[in-house]
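Visitor: Data: entry_33.txt, compact mmCIF, C-alpha atoms and all ligand atoms.
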```txt
# COMPACT_ATOMS: atom_id res chain seq x y z
CA TYR J 1 0.00 0.00 0.00
CA LEU J 2 2.72 2.46 1.02
CA HIS J 3 4.82 1.81 -2.08
CA GLY J 4 1.80 1.79 -4.36
CA GLU J 5 0.62 5.16 -3.07
CA GLY J 6 4.08 6.72 -2.99
CA HIS J 7 4.16 7.21 0.81
CA PRO J 8 7.52 7.38 2.60
CA GLU J 9 9.05 4.27 4.18
CA LEU J 10 8.16 3.78 7.84
CA SER J 11 10.95 3.95 10.40
CA ILE J 12 11.38 3.71 14.16
CA GLU J 13 12.79 7.24 14.14
CA ASP J 14 9.81 9.04 12.63
CA ASP J 15 6.21 8.71 13.63
CA VAL J 16 3.66 7.31 11.18
CA PRO J 17 2.46 10.44 9.34
CA HIS J 18 -0.80 11.72 10.83
CA TYR J 19 -2.62 11.61 7.52
CA LEU J 20 -2.00 7.82 7.49
CA GLN J 21 -2.93 7.20 11.12
CA SER J 22 -6.57 7.96 10.44
CA ASN J 23 -6.73 6.47 6.94
CA PRO J 24 -8.65 3.14 6.82
CA ALA J 25 -6.63 2.07 3.74
CA PHE J 26 -3.58 2.14 5.99
CA ILE J 27 -5.20 1.07 9.28
CA GLN J 28 -6.66 -2.19 7.93
CA PRO J 29 -3.44 -3.72 6.55
CA ARG J 30 -1.56 -2.30 9.54
CA ASP J 31 -3.82 -4.13 12.00
CA THR J 32 -3.52 -7.33 9.95
CA ILE J 33 0.27 -7.05 10.20
CA ILE J 34 0.17 -6.43 13.98
CA GLN J 35 -2.22 -9.35 14.46
CA ALA J 36 -0.03 -11.66 12.37
CA CYS J 37 3.13 -10.58 14.21
CA ARG J 38 1.50 -11.25 17.56
CA GLU J 39 0.34 -14.70 16.49
CA LEU J 40 3.74 -15.52 15.06
CA LEU J 41 5.37 -14.42 18.30
CA VAL J 42 3.10 -16.65 20.37
CA MET J 43 3.81 -19.62 18.07
CA VAL J 44 7.57 -19.26 18.21
CA GLN J 45 7.99 -18.24 21.86
CA GLY J 46 5.85 -20.95 23.45
CA ALA J 47 3.62 -20.98 26.52
CA TYR J 48 6.04 -19.88 29.22
CA SER J 49 7.07 -16.71 27.39
CA THR J 50 3.52 -15.96 26.31
CA ILE J 51 2.63 -15.69 29.99
CA THR J 52 5.77 -14.13 31.38
CA SER J 53 6.42 -11.59 28.62
CA GLN J 54 3.48 -9.42 29.76
CA ARG J 55 5.47 -6.71 31.53
CA ALA J 56 3.75 -3.99 33.56
CA ALA J 57 7.15 -3.02 35.04
CA GLU J 58 8.32 -1.69 31.67
CA PHE J 59 5.43 0.75 31.68
CA ALA J 60 6.53 1.87 35.17
CA ASN J 61 9.97 2.60 33.70
CA THR J 62 8.39 4.73 30.94
CA ALA J 63 6.53 6.57 33.71
CA ALA J 64 9.93 7.38 35.26
CA VAL J 65 11.00 8.93 31.92
CA CYS J 66 7.85 11.06 32.05
CA HIS J 67 8.12 11.98 35.72
CA PHE J 68 11.74 13.17 35.42
CA ASP J 69 11.23 14.75 31.96
CA ILE J 70 14.11 12.71 30.58
CA ALA J 71 12.89 12.76 26.97
CA SER J 72 12.88 16.56 26.88
CA SER J 73 16.27 16.91 28.59
CA PHE J 74 18.45 16.80 25.48
CA PRO J 75 20.80 19.83 25.32
CA GLU J 76 19.31 22.62 23.17
CA GLY J 77 19.79 22.00 19.45
CA GLN J 78 21.44 18.59 19.89
CA GLU J 79 20.17 15.43 18.16
CA SER J 80 21.89 13.16 20.67
CA ALA J 81 23.02 13.35 24.28
CA THR J 82 25.33 11.54 26.65
CA PHE J 83 23.90 10.08 29.85
CA ASP J 84 25.83 12.75 31.77
CA GLU J 85 24.17 15.55 29.77
CA LEU J 86 20.73 14.05 30.31
CA ALA J 87 21.43 13.53 34.01
CA GLN J 88 22.56 17.13 34.43
CA ASN J 89 19.48 18.54 32.69
CA CYS J 90 16.95 16.44 34.56
CA LYS J 91 18.84 16.67 37.86
CA LEU J 92 19.22 12.96 38.51
CA PRO J 93 22.31 10.86 39.21
CA GLU J 94 23.81 9.57 35.92
CA PRO J 95 23.47 5.86 36.88
CA ASP J 96 19.72 6.33 37.39
CA VAL J 97 19.24 8.01 34.02
CA ARG J 98 21.34 5.37 32.26
CA ARG J 99 19.33 2.59 33.86
CA ILE J 100 15.95 4.15 33.10
CA VAL J 101 16.83 4.96 29.46
CA ARG J 102 18.37 1.55 28.81
CA GLY J 103 15.24 -0.01 30.30
CA CYS J 104 13.23 1.77 27.60
CA ILE J 105 15.47 1.08 24.60
CA PRO J 106 14.32 -2.54 24.07
CA ASN J 107 10.82 -1.10 23.55
CA TYR J 108 12.07 1.36 20.89
CA ILE J 109 11.74 4.33 23.24
CA PHE J 110 15.16 6.05 22.75
CA GLN J 111 18.06 4.43 20.93
CA GLU J 112 21.79 4.14 21.62
CA LYS J 113 23.40 3.76 18.18
CA ASN J 114 26.90 4.22 19.65
CA VAL J 115 27.61 3.27 23.25
CA GLY J 116 26.80 6.20 25.55
CA GLU J 117 25.16 8.30 22.81
CA VAL J 118 21.40 8.50 23.24
CA SER J 119 19.12 9.72 20.47
CA HIS J 120 15.39 9.83 19.91
CA THR J 121 13.07 7.33 18.29
CA ALA J 122 9.58 8.37 17.20
CA ALA J 123 8.25 7.18 20.58
CA SER J 124 10.75 9.08 22.76
CA LYS J 125 10.21 12.15 20.56
CA ALA J 126 6.48 11.89 21.24
CA LEU J 127 7.18 11.79 24.99
CA ALA J 128 9.44 14.84 24.64
CA LYS J 129 6.86 16.86 22.73
CA CYS J 130 3.56 15.96 24.33
CA ASN J 131 2.92 16.90 27.99
CA LEU J 132 -0.48 15.23 27.87
CA LEU J 133 1.04 11.94 26.72
CA ARG J 134 3.46 12.07 29.66
CA GLU J 135 0.57 12.73 32.04
CA HIS J 136 -1.33 9.83 30.49
CA VAL J 137 1.55 7.41 31.11
CA GLU J 138 1.89 8.65 34.69
CA MET J 139 -1.87 8.41 35.26
CA MET J 140 -1.92 4.83 33.96
CA CYS J 141 0.96 3.88 36.26
CA GLY J 142 -0.22 5.93 39.23
CA GLU J 143 -3.95 5.19 39.23
CA ILE J 144 -5.00 2.43 36.86
CA LEU J 145 -2.25 -0.21 37.02
CA PRO J 146 -1.92 -0.30 40.84
CA GLY J 147 -5.71 -0.88 41.02
CA ALA J 148 -5.58 -3.60 38.37
CA LEU J 149 -2.66 -5.35 40.10
CA LYS J 150 -4.67 -5.46 43.35
CA TYR J 151 -8.06 -6.51 42.04
CA THR J 152 -7.56 -10.15 43.10
CA ASP J 153 -6.95 -8.96 46.67
CA ALA J 154 -10.12 -6.87 46.46
CA MET J 155 -12.08 -9.93 45.28
CA GLU J 156 -10.77 -11.89 48.26
CA LYS J 157 -11.51 -9.09 50.73
CA TRP J 158 -14.94 -8.10 49.38
CA PRO J 159 -16.32 -11.06 47.38
CA GLY J 160 -18.89 -10.06 44.74
CA SER J 161 -18.74 -6.37 45.70
CA GLU J 162 -20.28 -3.74 43.43
CA GLU J 163 -19.08 -0.91 45.65
CA PRO J 164 -16.76 1.66 44.05
CA ASN J 165 -14.73 1.89 47.27
CA GLN J 166 -14.05 -1.86 47.46
CA ALA J 167 -11.83 -2.21 44.41
CA GLY J 168 -8.13 -2.82 43.78
CA PHE J 169 -7.61 0.97 43.76
CA ASN J 170 -8.75 1.11 47.40
CA ILE J 171 -6.26 -1.53 48.46
CA ALA J 172 -3.46 0.04 46.41
CA ASN J 173 -4.18 3.52 47.88
CA ASN J 174 -5.22 2.35 51.35
CA THR J 175 -8.36 4.49 51.12
CA GLN J 176 -12.05 4.07 51.84
CA HIS J 177 -12.96 6.71 49.27
CA PRO J 178 -14.01 5.82 45.72
CA ALA J 179 -11.29 6.46 43.12
CA PHE J 180 -12.60 9.80 41.76
CA GLU J 181 -13.15 11.18 45.27
CA HIS J 182 -9.68 10.06 46.35
CA MET J 183 -8.04 11.57 43.27
CA ALA J 184 -9.93 14.85 43.80
CA LYS J 185 -8.94 15.05 47.48
CA ASN J 186 -5.30 14.43 46.62
CA GLY J 187 -4.96 16.83 43.69
CA ARG J 188 -4.75 14.01 41.14
CA LEU J 189 -7.97 14.61 39.21
CA GLU J 190 -6.38 17.13 36.83
CA ARG J 191 -3.95 14.47 35.64
CA PHE J 192 -6.86 12.08 35.09
CA THR J 193 -8.72 14.75 33.10
CA ASN J 194 -5.64 15.41 30.95
CA SER J 195 -5.29 11.70 30.38
CA MET J 196 -8.85 11.63 29.04
CA LYS J 197 -7.81 14.28 26.50
CA VAL J 198 -5.05 11.95 25.29
CA ALA J 199 -7.57 9.17 24.82
CA SER J 200 -9.47 11.42 22.40
CA MET J 201 -6.30 11.84 20.27
CA SER J 202 -6.23 8.20 19.16
CA PRO J 203 -8.03 7.82 15.82
CA ALA J 204 -10.19 4.96 17.15
CA ASN J 205 -11.43 7.21 19.99
CA SER J 206 -11.67 10.38 17.95
CA PRO J 207 -14.63 12.73 18.59
CA ILE J 208 -15.35 12.53 14.86
CA TRP J 209 -17.24 9.22 15.24
CA LEU J 210 -19.73 10.80 17.59
CA VAL J 211 -19.96 14.00 15.54
CA GLU J 212 -20.64 12.14 12.28
CA HIS J 213 -22.65 9.12 13.38
CA TYR J 214 -25.44 10.65 15.41
CA PRO J 215 -28.14 12.78 13.73
CA TRP J 216 -27.23 16.03 15.52
CA HIS J 217 -28.40 17.94 12.43
CA CYS J 218 -31.99 16.87 13.26
CA LEU J 219 -31.76 18.66 16.62
CA ASP J 220 -31.30 22.05 14.96
CA SER J 221 -31.00 24.45 17.91
CA GLY J 222 -31.17 21.66 20.49
CA THR J 223 -29.45 21.20 23.83
CA LEU J 224 -26.89 18.55 24.62
CA VAL J 225 -25.99 17.81 28.24
CA ASP J 226 -22.61 16.06 28.46
CA VAL J 227 -22.91 14.24 31.79
CA GLY J 228 -19.47 13.45 33.29
CA GLY J 229 -18.12 15.27 30.23
CA SER J 230 -14.70 16.12 31.71
CA SER J 231 -13.10 18.92 29.64
CA GLY J 232 -15.71 18.57 26.87
CA ALA J 233 -13.38 16.83 24.40
CA TYR J 234 -16.45 15.21 22.82
CA SER J 235 -19.22 17.79 23.11
CA ILE J 236 -17.13 20.81 22.08
CA PRO J 237 -16.49 19.29 18.60
CA ILE J 238 -20.26 18.71 18.31
CA ALA J 239 -20.86 22.41 19.10
CA GLU J 240 -18.21 23.34 16.54
CA HIS J 241 -19.92 21.32 13.79
CA TYR J 242 -23.48 22.35 14.65
CA PRO J 243 -23.51 26.13 15.15
CA GLU J 244 -27.08 26.19 16.48
CA MET J 245 -26.56 23.64 19.26
CA LYS J 246 -26.10 24.45 22.94
CA CYS J 247 -23.86 22.22 25.07
CA ILE J 248 -23.80 22.02 28.83
CA ILE J 249 -20.83 20.04 30.15
CA GLN J 250 -21.22 18.66 33.65
CA ASP J 251 -18.55 17.13 35.87
CA LEU J 252 -17.13 17.34 39.40
CA PRO J 253 -16.42 20.93 40.57
CA ASN J 254 -12.59 20.69 40.32
CA VAL J 255 -12.79 19.42 36.76
CA VAL J 256 -15.37 21.96 35.62
CA HIS J 257 -13.62 24.98 37.11
CA ARG J 258 -10.41 24.18 35.28
CA ALA J 259 -12.01 23.15 31.99
CA GLU J 260 -14.29 26.18 31.56
CA LYS J 261 -11.25 28.44 31.24
CA GLU J 262 -10.21 26.55 28.10
CA VAL J 263 -13.43 26.98 26.07
CA PRO J 264 -12.67 28.79 22.79
CA ASP J 265 -14.00 32.37 22.87
CA ASN J 266 -16.26 31.89 19.85
CA LEU J 267 -18.15 29.08 21.63
CA ARG J 268 -18.66 30.71 25.03
CA ASP J 269 -22.26 31.68 24.36
CA ARG J 270 -23.20 28.06 23.48
CA VAL J 271 -20.80 25.89 25.50
CA THR J 272 -21.12 26.17 29.26
CA PHE J 273 -19.86 24.15 32.20
CA MET J 274 -21.84 23.19 35.28
CA PRO J 275 -20.65 21.36 38.40
CA HIS J 276 -22.97 18.41 38.88
CA ASP J 277 -22.68 15.14 40.78
CA PHE J 278 -24.39 12.53 38.60
CA PHE J 279 -25.46 10.63 41.71
CA THR J 280 -27.94 13.45 42.31
CA GLU J 281 -30.98 14.47 40.25
CA GLN J 282 -30.23 15.97 36.81
CA PRO J 283 -30.91 19.74 37.06
CA VAL J 284 -31.13 20.49 33.30
CA LYS J 285 -34.65 19.51 32.26
CA SER J 286 -35.99 18.46 28.84
CA ALA J 287 -32.70 18.55 26.97
CA ASP J 288 -32.61 16.83 23.59
CA VAL J 289 -29.67 14.58 24.42
CA TYR J 290 -28.06 13.48 27.66
CA LEU J 291 -24.66 12.15 26.63
CA LEU J 292 -22.94 9.57 28.81
CA ARG J 293 -19.59 9.01 27.16
CA TRP J 294 -17.24 6.56 28.81
CA VAL J 295 -18.98 7.22 32.10
CA LEU J 296 -21.01 4.07 32.80
CA HIS J 297 -18.06 1.70 32.34
CA ASP J 298 -16.50 3.26 35.43
CA TRP J 299 -19.34 1.87 37.54
CA SER J 300 -20.86 -1.48 38.54
CA ASP J 301 -24.49 -2.11 37.52
CA LYS J 302 -25.75 -0.93 40.91
CA TYR J 303 -24.20 2.53 40.47
CA ALA J 304 -24.67 2.76 36.68
CA ILE J 305 -28.40 2.26 37.33
CA ARG J 306 -28.34 5.12 39.88
CA ILE J 307 -26.70 7.42 37.33
CA ILE J 308 -29.34 6.52 34.72
CA ARG J 309 -32.25 6.88 37.18
CA ASN J 310 -31.04 10.33 38.16
CA LEU J 311 -31.72 11.43 34.59
CA ILE J 312 -35.38 10.32 34.66
CA PRO J 313 -36.88 13.42 36.35
CA ALA J 314 -35.29 15.55 33.60
CA LEU J 315 -36.43 13.48 30.62
CA ALA J 316 -39.10 14.78 28.25
CA LYS J 317 -40.75 12.70 25.54
CA HIS J 318 -38.29 13.93 22.92
CA SER J 319 -35.20 13.45 25.15
CA LYS J 320 -32.68 10.78 24.23
CA ILE J 321 -29.86 9.28 26.24
CA VAL J 322 -26.81 8.69 24.08
CA VAL J 323 -24.20 6.35 25.49
CA GLN J 324 -20.84 6.07 23.79
CA GLU J 325 -19.01 3.08 25.17
CA PHE J 326 -17.39 -0.20 24.19
CA VAL J 327 -19.83 -2.96 23.43
CA LEU J 328 -18.10 -6.27 24.06
CA PRO J 329 -18.66 -8.56 21.08
CA GLU J 330 -19.32 -12.30 21.28
CA PRO J 331 -16.08 -14.26 21.64
CA GLY J 332 -14.21 -14.81 18.37
CA LYS J 333 -16.12 -12.09 16.48
CA ILE J 334 -13.28 -9.54 16.37
CA PRO J 335 -9.50 -9.82 15.89
CA THR J 336 -7.62 -10.62 19.11
CA LEU J 337 -5.84 -7.28 18.75
CA GLU J 338 -9.12 -5.37 19.23
CA ASP J 339 -10.40 -7.85 21.81
CA ARG J 340 -7.20 -7.34 23.81
CA ASN J 341 -7.88 -3.61 24.00
CA LEU J 342 -11.47 -4.09 25.22
CA ARG J 343 -10.57 -6.77 27.78
CA ASN J 344 -7.73 -4.59 29.04
CA TYR J 345 -10.20 -1.76 29.70
CA ASP J 346 -12.47 -4.24 31.46
CA ILE J 347 -9.66 -5.27 33.82
CA CYS J 348 -8.71 -1.62 34.42
CA MET J 349 -12.29 -0.55 35.20
CA ARG J 350 -12.66 -3.43 37.63
CA GLY J 351 -9.48 -2.40 39.41
CA LEU J 352 -10.42 1.29 39.50
CA SER J 353 -13.94 1.16 40.86
CA ASN J 354 -15.56 -2.24 40.25
CA GLY J 355 -16.68 -0.88 36.87
CA LYS J 356 -16.92 -3.04 33.77
CA GLU J 357 -17.26 -3.22 30.01
CA ARG J 358 -20.61 -4.56 28.78
CA GLU J 359 -22.03 -6.74 26.01
CA THR J 360 -25.17 -5.82 24.05
CA LYS J 361 -27.35 -7.89 26.38
CA ASP J 362 -25.78 -6.18 29.41
CA TRP J 363 -26.65 -2.73 28.01
CA GLU J 364 -30.21 -3.92 27.35
CA SER J 365 -30.60 -5.35 30.81
CA LEU J 366 -28.98 -2.31 32.49
CA PHE J 367 -31.53 0.11 31.00
CA ALA J 368 -34.44 -2.33 31.53
CA ARG J 369 -33.48 -2.65 35.20
CA ALA J 370 -33.12 1.14 35.53
CA ASP J 371 -36.68 1.56 34.23
CA PRO J 372 -38.87 -0.50 31.86
CA ARG J 373 -39.84 2.71 30.04
CA PHE J 374 -36.39 2.92 28.46
CA ARG J 375 -36.09 1.51 24.93
CA ILE J 376 -32.81 0.97 23.14
CA VAL J 377 -33.39 2.50 19.70
CA GLY J 378 -30.15 1.32 18.15
CA ILE J 379 -26.50 0.46 18.61
CA VAL J 380 -24.09 1.67 15.94
CA LYS J 381 -20.36 0.98 15.76
CA PRO J 382 -18.89 3.17 13.02
CA GLN J 383 -16.14 1.42 11.08
CA GLY J 384 -12.84 2.60 12.53
CA SER J 385 -14.31 3.59 15.90
CA ALA J 386 -13.42 1.58 19.01
CA LEU J 387 -16.64 2.63 20.73
CA SER J 388 -20.27 2.14 19.85
CA ILE J 389 -23.07 4.69 20.04
CA VAL J 390 -26.13 3.45 21.90
CA GLU J 391 -29.29 5.55 21.57
CA ILE J 392 -31.98 5.17 24.22
CA ALA J 393 -35.49 6.61 24.04
CA TRP J 394 -37.75 7.44 26.97
CA GLU J 395 -41.26 6.10 26.47
CA ALA J 396 -43.13 7.51 29.43
C1 LIG J 401 -13.77 8.06 32.17
S1 LIG J 401 -14.05 9.77 32.37
C2 LIG J 401 -14.94 10.17 30.89
C3 LIG J 401 -14.89 11.61 30.56
C4 LIG J 401 -15.55 12.04 29.23
N1 LIG J 401 -16.95 11.74 29.19
C5 LIG J 401 -14.82 11.39 28.07
O1 LIG J 401 -15.41 10.54 27.40
O2 LIG J 401 -13.65 11.73 27.85
C6 LIG J 401 -15.31 9.82 33.62
C7 LIG J 401 -15.65 11.23 34.08
O3 LIG J 401 -16.65 11.14 35.12
C8 LIG J 401 -16.38 12.17 36.05
N2 LIG J 401 -17.03 11.85 37.33
C9 LIG J 401 -16.68 10.91 38.24
N3 LIG J 401 -17.57 10.91 39.27
C10 LIG J 401 -18.49 11.85 38.99
C11 LIG J 401 -19.67 12.30 39.65
N4 LIG J 401 -20.06 11.75 40.81
N5 LIG J 401 -20.41 13.26 39.07
C12 LIG J 401 -20.02 13.80 37.87
N6 LIG J 401 -18.91 13.43 37.20
C13 LIG J 401 -18.16 12.45 37.75
C14 LIG J 401 -14.87 12.20 36.13
O4 LIG J 401 -14.38 13.41 36.68
C15 LIG J 401 -14.49 12.00 34.67
O5 LIG J 401 -14.36 13.23 34.01
```
Could you write out this structure as structure tokens?
Ligand SMILES: C[S@@+](CC[C@H](N)C(=O)[O-])C[C@H]1O[C@@H](n2cnc3c(N)ncnc32)[C@H](O)[C@@H]1O

Guide:
Amino acid sequence: YLHGEGHPELSIEDDVPHYLQSNPAFIQPRDTIIQACRELLVMVQGAYSTITSQRAAEFANTAAVCHFDIASSFPEGQESATFDELAQNCKLPEPDVRRIVRGCIPNYIFQEKNVGEVSHTAASKALAKCNLLREHVEMMCGEILPGALKYTDAMEKWPGSEEPNQAGFNIANNTQHPAFEHMAKNGRLERFTNSMKVASMSPANSPIWLVEHYPWHCLDSGTLVDVGGSSGAYSIPIAEHYPEMKCIIQDLPNVVHRAEKEVPDNLRDRVTFMPHDFFTEQPVKSADVYLLRWVLHDWSDKYAIRIIRNLIPALAKHSKIVVQEFVLPEPGKIPTLEDRNLRNYDICMRGLSNGKERETKDWESLFARADPRFRIVGIVKPQGSALSIVEIAWEA
């Protein structure tokens, strides 16, 4: 494909050009190659390595690169650096820097073409350039992985629990508070919010799927309430595409107060922020759409049902709930590469707050249990999108 279309050769030193990263003609063969490589690896390495080569510790090492800003510590204007130069700039002992960087090199983050001379790969360059990516890595290592690593202990301690404060996160952090409360109390919610922005940068999670695959144009001058909308990474693009629509983005007070400062000036009359705890009654009545994007997977059924029920007093006949979430497919229906991503989220959500990813029948049963007057109108998974769009009508 690349040769045929006259695209440049790929290399570990330069990132895949952005115009290719979102191009299905590139993504499809790329995923086939990744899938084939993974299968080949499993065949040649055997059972023991298949199990033991899953390495969370390597991610922790990348988090050290982020924490100490190692990737952006090259001397000004230099393409390569010695370990001493890096150590001086990031104020760490040289042996630590050498160890951290060499721990990354086998994963193609940095390279050492000549002994003692470190240069960038595409991946280390990305860490140098993108603050949000660094925050994402640190958030994964600081919040999500410790919870996931402790979820077995949580299952032993609180068998069958649906409580958000009886998860791996609670054991890892020695706290009785649910994850979001604990992060807010300890000044860590901003990093989580920034990490959510990174998620929206991946083509499979791009806001474009929601913008283009829901009939917003039919709402004309309608109102969208983005419940648990974080910084509005998904509703702001909708407002940008539909100049008559009003968007109200709700989240916890800390999140909202920071995010509202970042709204582009030309949208301020239509995009507003509102602190709102979704475990209390929805204050914005009769909106056209209540969007729950990547919110319900954070919660067990017991709490997801509470979030949904809190919308009921606000719903009018024309109101829709739009959920954008993963929908777990039946086993064997998608490539293992995609399945791996979904199952990984499922493990992470369990560790964070006893949340979970859901299959079609789980979404149906969740809304039926919340109230029999809900009807799932349709579930659409746009080609190229990791998440599905579930539309729910209120038939009071
Ligand atoms: C996984 S994030 C999803 C954010 C956003 N919808 C997106 O798709 O990027 C979940 C969001 O729920 C918010 N949240 C957690 N507990 C909340 C509560 N009780 N009330 C309102 N928002 C809450 C978090 O602050 C976070 O922004």

Visitor: Taking only C-alpha atoms and all ligand atoms into account, which residues are within 10 Å of ligand LIG 401 (chain J), as a count of residues only?

Guide: 58

Visitor: Please give the centre and size of the box around segment 53-65 of chain J (axis-aligned, containing every atom listed in the file, 6 Å added per side), with values in Å to one decimal and written as AutoDock Vina command-line options.

Guide:
```
--center_x 7.2 --center_y -1.3 --center_z 31.9 --size_x 19.5 --size_y 32.5 --size_z 18.6
```

Visitor: Distance cut-off 6 Å, centre (5.6, 12.0, 30.5) in file coordinates, counting all atoms listed in the file: which residues qualify? Return them as a list in words.

Guide: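 Residues with an atom at most 6 Å from (5.6, 12.0, 30.5): Cys66, His67, Leu127, Leu133, Arg134 and Glu135 of chain J.
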
Visitor: Name all residues at most 10 Å from Ile392 of chain J (count all atoms listed in the file; drop same-chain ones fewer than 4 positions away) and give them as a list in words.

Guide: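 So the residues in contact are Val289, Tyr290, Ser319, Lys320, Ile321, Val322, Val323, Glu364, Phe367, Phe374, Arg375, Ile376, Val377, Gly378 and Ile379 of chain J.
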
Visitor: In terms of the shortest atom-to-atom distance over all atoms listed in the file, which of J:Gly147, J:Pro203, J:Ala128, J:Arg98 is closest to His18 of chain J?

Guide: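 Of the candidates, the smallest distance to His18 of chain J is held by J:Pro203.
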
Visitor: In Å, with one decimal, what is the gap from atom CA of Glu112 of chain J to atom CA of Asn89 of chain J?

Guide: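 So the two atoms, atom CA of Glu112 of chain J and atom CA of Asn89 of chain J, lie 18.3 Å apart.
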
Visitor: Within 12 Å of (6.4, 0.8, 2.9), only C-alpha atoms: residues as a VMD selection string?

Guide: chain J and resid 1 to 11 16 20 26 29 to 30

Visitor: Output C-alpha atoms of each residue in that selection to a file, as a compact mmCIF listing (two decimals), keeping the file's coordinate frame.

Guide:
```txt
# COMPACT_ATOMS: atom_id res chain seq x y z
CA TYR J 1 0.00 0.00 0.00
CA LEU J 2 2.72 2.46 1.02
CA HIS J 3 4.82 1.81 -2.08
CA GLY J 4 1.80 1.79 -4.36
CA GLU J 5 0.62 5.16 -3.07
CA GLY J 6 4.08 6.72 -2.99
CA HIS J 7 4.16 7.21 0.81
CA PRO J 8 7.52 7.38 2.60
CA GLU J 9 9.05 4.27 4.18
CA LEU J 10 8.16 3.78 7.84
CA SER J 11 10.95 3.95 10.40
CA VAL J 16 3.66 7.31 11.18
CA LEU J 20 -2.00 7.82 7.49
CA PHE J 26 -3.58 2.14 5.99
CA PRO J 29 -3.44 -3.72 6.55
CA ARG J 30 -1.56 -2.30 9.54
```

Visitor: Of the candidates J:Arg99, J:Arg55, J:Lys150, J:Lys333, which shows the shortest atom-to-atom distance to Gln166 of chain J, using all atoms listed in the file?

Guide: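 The shortest atom-to-atom distance to Gln166 of chain J comes from J:Lys150.
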
Visitor: What gap, in Å, lies between atom CA of Leu40 of chain J and atom CA of Met140 of chain J?

Guide: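 Taking atom CA of Leu40 of chain J as the start and atom CA of Met140 of chain J as the end point, the length is 28.3 Å.
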
Visitor: Give me the residues within 9 Å of Ile100 of chain J as a ChimeraX atom specification, counting all atoms listed in the file and dropping any in the same chain fewer than 3 places off.

Guide: /J:61-62,64-65,95-97,103-104

Visitor: Which value, in Å to one decimal, gives the distance between atom CA of His318 of chain J and atom CA of Ser221 of chain J?

Guide: 13.7 Å

Visitor: With all atoms listed in the file as the basis for distance, which of J:Gln111, J:Thr223, J:Ser22, J:Asn174 is at the shortest distance from Ile238 of chain J?

Guide: J:Thr223

Visitor: When you count all atoms listed in the file, which of these residues is closest to Val115 of chain J: J:Asn186, J:Thr82, J:Ser161, J:Asn266?

Guide: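 Going through J:Asn186, J:Thr82, J:Ser161, J:Asn266 one by one, the smallest distance to Val115 of chain J is for J:Thr82.
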
Visitor: With distances taken over all atoms listed in the file, which of J:Ala386, J:Ala239, J:Arg268, J:Ile312 is nearest to Val284 of chain J?

Guide: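 When distances to Val284 of chain J are compared using all atoms listed in the file, the smallest one comes from J:Ile312.
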